[in-house]
$ cat work04.cif   # mmCIF, C-alpha atoms and all ligand atoms
data_my_file
#
loop_
_atom_site.label_atom_id
_atom_site.label_comp_id
_atom_site.auth_asym_id
_atom_site.auth_seq_id
_atom_site.Cartn_x
_atom_site.Cartn_y
_atom_site.Cartn_z
CA MET A 142 -5.21 -12.18 -12.43
CA PRO A 143 -8.29 -9.99 -11.80
CA LYS A 144 -10.83 -11.78 -9.64
CA GLY A 145 -13.63 -11.10 -12.11
CA SER A 146 -15.13 -7.94 -13.49
CA GLN A 147 -16.78 -5.49 -11.13
CA LYS A 148 -20.19 -3.97 -11.75
CA LEU A 149 -19.59 -0.33 -10.91
CA ALA A 150 -22.27 2.29 -10.47
CA LYS A 151 -21.20 5.36 -12.44
CA THR A 152 -19.91 7.93 -9.98
CA LYS A 153 -19.47 11.68 -10.44
CA THR A 154 -15.72 11.14 -10.61
CA GLN A 155 -16.06 8.58 -13.38
CA SER A 156 -18.39 10.84 -15.39
CA PHE A 157 -16.01 13.76 -14.91
CA TYR A 158 -12.95 11.85 -16.15
CA ASP A 159 -14.94 10.23 -18.96
CA ARG A 160 -15.69 13.79 -20.17
CA ILE A 161 -12.20 15.26 -19.86
CA ALA A 162 -10.03 12.22 -20.66
CA ASP A 163 -8.66 13.62 -23.95
CA VAL A 164 -7.80 17.08 -22.65
CA HIS A 165 -6.38 15.68 -19.43
CA ASN A 166 -4.13 13.30 -21.37
CA LEU A 167 -2.85 16.15 -23.51
CA ALA A 168 -2.09 18.31 -20.45
CA LEU A 169 -0.07 15.49 -18.85
CA LYS A 170 1.89 14.96 -22.07
CA VAL A 171 2.75 18.64 -22.37
CA ASN A 172 3.90 18.72 -18.75
CA GLY A 173 6.31 15.80 -19.16
CA TYR A 174 4.81 13.67 -16.35
CA ARG A 175 5.85 10.46 -18.08
CA LYS A 176 9.52 11.46 -18.17
CA SER A 177 9.49 12.56 -14.53
CA VAL A 178 7.96 9.27 -13.40
CA ALA A 179 10.39 7.21 -15.51
CA LYS A 180 13.40 9.09 -14.15
CA TYR A 181 12.34 8.58 -10.54
CA LEU A 182 11.47 4.88 -10.95
CA ARG A 183 14.77 4.22 -12.74
CA SER A 184 16.57 5.55 -9.66
CA LEU A 185 15.00 2.88 -7.42
CA ASP A 186 16.37 -0.57 -6.77
CA LEU A 187 13.05 -2.30 -7.41
CA LYS A 188 12.96 -6.07 -7.40
CA ILE A 189 10.87 -6.49 -10.53
CA ASP A 190 11.45 -9.49 -12.80
CA ALA A 191 9.65 -11.66 -15.34
CA ASP A 192 7.46 -13.17 -12.60
CA SER A 193 6.34 -9.86 -11.11
CA TYR A 194 2.91 -8.24 -11.12
CA VAL A 195 2.61 -4.46 -11.08
CA LEU A 196 -0.48 -2.31 -10.55
CA ASP A 197 -1.03 1.30 -11.60
CA ALA A 198 -3.96 2.09 -9.29
CA GLY A 199 -6.05 4.88 -10.83
CA SER A 200 -4.05 4.82 -14.06
CA GLY A 201 -6.21 7.32 -15.93
CA THR A 202 -4.93 7.54 -19.50
CA GLY A 203 -1.84 5.48 -18.70
CA ILE A 204 0.88 8.14 -18.37
CA VAL A 205 2.34 6.59 -15.21
CA THR A 206 2.09 3.06 -16.64
CA LEU A 207 4.06 4.30 -19.67
CA GLY A 208 6.59 6.04 -17.39
CA PHE A 209 7.02 2.77 -15.51
CA GLN A 210 7.58 0.90 -18.77
CA ASP A 211 10.07 3.55 -19.96
CA SER A 212 12.10 2.98 -16.81
CA GLY A 213 13.00 -0.42 -18.24
CA PHE A 214 11.20 -2.81 -15.90
CA ARG A 215 9.54 -5.76 -17.65
CA PRO A 216 7.22 -7.57 -15.23
CA LYS A 217 5.04 -10.50 -16.18
CA LYS A 218 1.99 -8.26 -16.11
CA THR A 219 1.29 -4.56 -15.57
CA ILE A 220 -2.30 -3.74 -14.74
CA ALA A 221 -3.69 -0.26 -15.37
CA LEU A 222 -6.89 0.12 -13.32
CA ASP A 223 -9.24 3.10 -13.32
CA LEU A 224 -12.88 4.06 -12.85
CA SER A 225 -13.05 5.99 -16.11
CA ILE A 226 -13.82 3.90 -19.18
CA ASN A 227 -12.88 6.71 -21.58
CA SER A 228 -9.52 7.22 -19.86
CA LEU A 229 -8.88 3.49 -20.16
CA LYS A 230 -9.76 3.57 -23.87
CA ILE A 231 -7.14 6.28 -24.39
CA ALA A 232 -4.66 4.28 -22.29
CA ARG A 233 -5.23 1.19 -24.46
CA ASP A 234 -4.68 3.24 -27.65
CA GLU A 235 -1.48 4.72 -26.23
CA PHE A 236 -0.16 1.28 -25.23
CA ARG A 237 -0.97 -0.05 -28.72
CA LYS A 238 0.66 2.94 -30.46
CA GLU A 239 3.81 2.43 -28.42
CA ARG A 240 3.93 -1.34 -28.67
CA LYS A 241 7.49 -1.27 -30.05
CA LYS A 242 8.74 0.78 -27.12
CA VAL A 243 6.73 -0.76 -24.27
CA ASP A 244 5.70 -4.31 -23.44
CA ALA A 245 2.13 -3.65 -24.64
CA GLY A 246 1.18 -7.36 -24.79
CA ASN A 247 1.68 -7.64 -21.04
CA ILE A 248 -0.23 -4.52 -20.06
CA GLU A 249 -3.85 -5.07 -19.14
CA SER A 250 -6.28 -2.22 -18.55
CA ILE A 251 -9.35 -2.83 -16.44
CA GLN A 252 -12.12 -0.80 -14.92
CA GLY A 253 -12.15 -0.92 -11.14
CA ASN A 254 -12.34 1.00 -7.90
CA VAL A 255 -9.22 1.53 -5.79
CA LEU A 256 -11.38 1.05 -2.70
CA GLN A 257 -12.41 -2.46 -3.78
CA LEU A 258 -9.57 -3.78 -5.87
CA PRO A 259 -10.62 -6.91 -7.76
CA PHE A 260 -7.52 -8.86 -6.70
CA GLY A 261 -6.63 -11.30 -3.96
CA ASP A 262 -4.43 -10.47 -0.97
CA ASP A 263 -0.65 -10.14 -1.52
CA ALA A 264 -1.02 -10.16 -5.32
CA PHE A 265 1.41 -7.42 -6.45
CA ASP A 266 5.15 -6.86 -6.35
CA LEU A 267 4.78 -3.12 -6.90
CA ILE A 268 1.95 -0.59 -6.89
CA VAL A 269 2.16 2.95 -8.23
CA THR A 270 -0.62 5.44 -7.62
CA CYS A 271 -0.56 9.06 -8.71
CA GLY A 272 -3.15 11.75 -8.03
CA VAL A 273 -5.91 9.29 -7.14
CA LEU A 274 -6.31 9.01 -3.37
CA GLU A 275 -7.38 12.68 -3.32
CA TYR A 276 -10.78 11.34 -4.44
CA VAL A 277 -11.24 8.88 -1.59
CA SER A 278 -10.62 8.34 2.09
CA LEU A 279 -6.83 8.15 2.45
CA ASP A 280 -7.13 5.49 5.13
CA ALA A 281 -9.45 3.29 3.08
CA GLY A 282 -7.35 3.69 -0.09
CA LEU A 283 -4.02 2.91 1.55
CA LYS A 284 -5.51 0.00 3.50
CA GLU A 285 -6.83 -1.58 0.29
CA MET A 286 -3.49 -1.10 -1.49
CA ALA A 287 -1.68 -2.67 1.46
CA ARG A 288 -4.04 -5.65 1.21
CA VAL A 289 -3.14 -6.46 -2.40
CA LEU A 290 0.61 -5.72 -2.09
CA LYS A 291 3.01 -8.50 -1.13
CA PRO A 292 4.83 -8.08 2.21
CA GLY A 293 8.23 -6.44 1.74
CA CYS A 294 7.12 -4.81 -1.54
CA LYS A 295 6.82 -1.14 -2.44
CA LEU A 296 4.01 1.32 -3.03
CA VAL A 297 5.10 4.41 -4.97
CA PHE A 298 2.56 6.87 -3.69
CA ILE A 299 2.42 10.22 -5.57
CA PRO A 300 -0.10 12.48 -3.85
CA VAL A 301 -0.94 16.07 -4.70
CA LYS A 302 0.91 18.26 -2.21
CA PRO A 303 -0.38 21.47 -0.67
CA SER A 304 0.95 24.11 -3.08
CA PHE A 305 -0.31 26.93 -5.30
CA VAL A 306 -0.56 24.67 -8.38
CA GLY A 307 -2.06 21.90 -6.24
CA SER A 308 -4.83 24.28 -5.10
CA VAL A 309 -5.61 25.31 -8.68
CA LEU A 310 -5.82 21.64 -9.72
CA GLU A 311 -7.99 20.91 -6.66
CA LEU A 312 -10.56 23.41 -7.97
CA LEU A 313 -10.33 22.29 -11.60
CA TYR A 314 -10.43 18.57 -10.93
CA ASN A 315 -12.76 18.43 -7.92
CA PHE A 316 -10.53 16.62 -5.45
CA LYS A 317 -9.35 17.19 -1.90
CA ILE A 318 -5.64 17.50 -1.12
CA HIS A 319 -4.70 15.46 1.94
CA PRO A 320 -2.45 17.41 4.36
CA LEU A 321 1.08 15.96 4.32
CA GLU A 322 0.89 15.28 8.03
CA ASP A 323 -2.13 13.02 7.38
CA VAL A 324 -0.29 11.36 4.50
CA ARG A 325 2.62 10.53 6.81
CA GLN A 326 0.49 9.41 9.75
CA ILE A 327 -1.98 7.31 7.77
CA SER A 328 0.74 5.76 5.59
CA GLN A 329 2.42 4.50 8.75
CA ARG A 330 -0.69 2.57 9.75
CA TYR A 331 -0.06 0.14 6.88
CA PHE A 332 3.48 0.77 5.59
CA ASN A 333 6.98 1.80 6.52
CA ILE A 334 7.91 5.11 4.90
CA VAL A 335 11.26 4.47 3.23
CA GLY A 336 11.57 7.72 1.28
CA ASN A 337 10.02 11.09 0.46
CA HIS A 338 11.26 12.46 -2.84
CA GLU A 339 10.68 15.92 -4.29
CA PHE A 340 10.71 16.24 -8.08
CA PRO A 341 13.24 18.83 -9.30
CA ILE A 342 11.70 22.30 -9.58
CA ALA A 343 12.31 22.30 -13.37
CA GLU A 344 9.87 19.38 -13.71
CA PRO A 345 6.22 20.56 -13.76
CA MET A 346 5.17 17.40 -11.92
CA GLY A 347 7.01 18.75 -8.87
CA TRP A 348 4.85 21.88 -8.78
CA SER A 349 1.91 19.88 -7.48
CA LYS A 350 3.16 16.38 -6.55
CA THR A 351 5.53 14.74 -4.11
CA ILE A 352 6.48 11.07 -3.79
CA PHE A 353 6.27 8.83 -0.76
CA LEU A 354 8.06 5.53 -1.17
CA LEU A 355 6.26 3.07 1.09
CA GLU A 356 7.02 -0.54 1.93
CA LYS A 357 4.56 -3.07 3.27
CA PRO A 358 6.04 -4.62 6.42
CA ARG A 359 6.99 -8.27 6.26
CA ARG A 360 4.99 -10.66 8.39
CA GLY A 361 6.05 -10.29 12.02
CA ASP A 362 7.20 -6.72 11.38
CA ALA A 363 3.58 -5.74 10.72
CA GLU A 364 2.78 -6.17 14.41
CA LYS A 365 5.67 -3.85 15.34
CA VAL A 366 4.41 -1.21 12.89
CA ARG A 367 0.92 -1.42 14.43
CA ARG A 368 2.43 -0.89 17.90
CA GLY A 369 4.29 2.18 16.61
CA ASP A 370 7.79 0.70 16.76
CA ARG A 371 9.34 2.11 13.56
CA THR A 372 12.58 0.10 13.67
CA PRO A 373 11.59 -3.53 13.14
C1 LIG B 1 -5.72 13.16 -11.65
S1 LIG B 1 -6.16 11.68 -12.50
C2 LIG B 1 -4.61 10.80 -12.40
C3 LIG B 1 -4.49 9.73 -13.44
C4 LIG B 1 -3.11 9.06 -13.50
N1 LIG B 1 -2.80 8.39 -12.27
C5 LIG B 1 -2.06 10.06 -13.83
O1 LIG B 1 -1.24 10.39 -12.98
O2 LIG B 1 -2.04 10.51 -14.98
C6 LIG B 1 -7.16 10.84 -11.30
C7 LIG B 1 -7.65 9.49 -11.78
O3 LIG B 1 -8.17 8.79 -10.66
C8 LIG B 1 -9.29 8.04 -11.08
N2 LIG B 1 -10.07 7.69 -9.90
C9 LIG B 1 -10.66 8.53 -9.00
N3 LIG B 1 -11.26 7.82 -8.02
C10 LIG B 1 -11.04 6.52 -8.30
C11 LIG B 1 -11.40 5.30 -7.67
N4 LIG B 1 -12.13 5.30 -6.53
N5 LIG B 1 -11.01 4.13 -8.23
C12 LIG B 1 -10.28 4.13 -9.39
N6 LIG B 1 -9.90 5.25 -10.03
C13 LIG B 1 -10.28 6.43 -9.50
C14 LIG B 1 -9.99 8.96 -12.06
O4 LIG B 1 -10.87 8.28 -12.90
C15 LIG B 1 -8.79 9.56 -12.80
O5 LIG B 1 -8.46 8.81 -13.93
#

$ encode --input "work04.cif" --output "structure tokens"
Amino acid sequence: MPKGSQKLAKTKTQSFYDRIADVHNLALKVNGYRKSVAKYLRSLDLKIDADSYVLDAGSGTGIVTLGFQDSGFRPKKTIALDLSINSLKIARDEFRKERKKVDAGNIESIQGNVLQLPFGDDAFDLIVTCGVLEYVSLDAGLKEMARVLKPGCKLVFIPVKPSFVGSVLELLYNFKIHPLEDVRQISQRYFNIVGNHEFPIAEPMGWSKTIFLLEKPRRGDAEKVRRGDRTP
């Protein structure tokens, strides 16, 4: 499935996550991110079957990949892609440890950059991305995800939202929160926005994250989206 391995120059972001991978993984576990993701994904009518390909873009230590697996979907292949080699090592260990609960044999973890995904056009039936596009240009990141997603398929986009906890994380983790108005406007350059979900306040994930459910327009509808006609 991947178009060949990428030779990536080590960036500051990679070095940072390589250093903190263990602690970061622990913090996500304590905060129940996996459960929150699973609960939300289970509520969606996603068309995922034994022929489907799913990408967790910027998977880190694999919490969202595991949440996706917990929600019961069993695609042909789930790919966890991240810049950080150490985060991917932890992800691989977690998938192996949980092989009875998740479809570990069909999860592949690879190093890659969300701005140059090593996949062909229209390759995936679903993409999830959580807390990643804060490190890159929102336009470039969403454009690249739209390229590799099949028309009519969904991107579950979980950005950090402007909030007190979001601002603390922004300082700790060296990223830049995108204003929600930008998220909406830029998303609509490449996708239809079909939902905006808030996590319940009792779930720590909701203190810093929101969810935009995006759908890549089908061929023909794409032209209407570009023209700004939102009702294809
Ligand atoms: C806040 S963590 C989120 C990890 C995971 N999505 C989660 O929710 O647990 C951000 C992740 O984005 C990755 N990342 C940042 N920029 C990236 C890029 N350009 N390409 C791929 N991964 C990137 C980092 O290595 C890190 O693992």

$ residues_around --input "work04.cif" --residues "A:His319" --least-positions-apart "4" --cutoff "10 Å" --atoms "only C-alpha atoms" --output "list of chain:residue names"
A:Leu274, A:Glu275, A:Tyr276, A:Val277, A:Ser278, A:Leu279, A:Pro300, A:Val301, A:Lys302, A:Pro303, A:Asp323, A:Val324

$ write_last_selection --input "work04.cif" --atoms "C-alpha atoms" --output "JSON list (two decimals), in the frame of the given file"
[["chain", "number", "residue", "atom", "x", "y", "z"],
["A", 274, "LEU", "CA", -6.31, 9.01, -3.37],
["A", 275, "GLU", "CA", -7.38, 12.68, -3.32],
["A", 276, "TYR", "CA", -10.78, 11.34, -4.44],
["A", 277, "VAL", "CA", -11.24, 8.88, -1.59],
["A", 278, "SER", "CA", -10.62, 8.34, 2.09],
["A", 279, "LEU", "CA", -6.83, 8.15, 2.45],
["A", 300, "PRO", "CA", -0.10, 12.48, -3.85],
["A", 301, "VAL", "CA", -0.94, 16.07, -4.70],
["A", 302, "LYS", "CA", 0.91, 18.26, -2.21],
["A", 303, "PRO", "CA", -0.38, 21.47, -0.67],
["A", 323, "ASP", "CA", -2.13, 13.02, 7.38],
["A", 324, "VAL", "CA", -0.29, 11.36, 4.50]]

$ axis_aligned_box --input "work04.cif" --around "stretch 240-253 of chain A" --padding-each-side "5 Å" --output "lines of an AutoDock Vina configuration file"
center_x = -1.7
center_y = -3.4
center_z = -20.6
size_x = 30.9
size_y = 18.4
size_z = 28.9

$ residues_around --input "work04.cif" --residues "A:Glu344" --least-positions-apart "5" --cutoff "10 Å" --atoms "all atoms listed in the file" --output "PDB file with C-alpha atoms, keeping the file's coordinate frame"
ATOM      1  CA  ASN A 172       3.900  18.720 -18.750  1.00  0.00           C
ATOM      2  CA  GLY A 173       6.310  15.800 -19.160  1.00  0.00           C
ATOM      3  CA  TYR A 174       4.810  13.670 -16.350  1.00  0.00           C
ATOM      4  CA  LYS A 176       9.520  11.460 -18.170  1.00  0.00           C
ATOM      5  CA  SER A 177       9.490  12.560 -14.530  1.00  0.00           C
TER       6      SER A 177
END

$ residues_around --input "work04.cif" --residues "stretch 328-341 of chain A" --least-positions-apart "4" --cutoff "6 Å" --atoms "only C-alpha atoms" --output "list of chain:residue names"
A:Val324, A:Gly347, A:Thr351, A:Ile352, A:Phe353, A:Leu354, A:Leu355, A:Glu356, A:Lys357

$ residues_near_ligand --input "work04.cif" --ligand "ligand LIG 1 (chain B)" --cutoff "6 Å" --atoms "only C-alpha atoms and all ligand atoms" --output "list of chain:residue names"
A:Thr154, A:Gln155, A:Tyr158, A:Gly199, A:Ser200, A:Gly201, A:Ile204, A:Val205, A:Asp223, A:Leu224, A:Ser225, A:Gly253, A:Asn254, A:Val255, A:Leu256, A:Thr270, A:Cys271, A:Gly272, A:Val273, A:Tyr276

$ closest_atom_pairs --input "work04.cif" --of "stretch 166-248 of chain A" --to "stretch 261-268 of chain A" --cutoff "9 Å" --atoms "all atoms listed in the file" --output "tab-separated table"
residue	atom	partner	partner_atom	distance
A:Leu187	CA	A:Leu267	CA	8.3
A:Lys188	CA	A:Asp266	CA	7.9
A:Ile189	CA	A:Asp266	CA	7.1
A:Ser193	CA	A:Asp266	CA	5.8
A:Tyr194	CA	A:Phe265	CA	5.0
A:Val195	CA	A:Leu267	CA	4.9
A:Leu196	CA	A:Ile268	CA	4.7
A:Asp197	CA	A:Ile268	CA	5.9
A:Ala198	CA	A:Ile268	CA	6.9

$ atom_distance --input "work04.cif" --atom1 "atom CA of A:Val178" --atom2 "atom CA of A:Ser228"
18.7 Å

$ atom_distance --input "work04.cif" --atom1 "atom CA of A:Leu149" --atom2 "atom CA of A:Ala281"
17.7 Å

$ closest_residue --input "work04.cif" --among "A:Tyr181, A:Leu310, A:Cys294, A:Arg240" --to "A:Arg359" --atoms "all atoms listed in the file"
A:Cys294
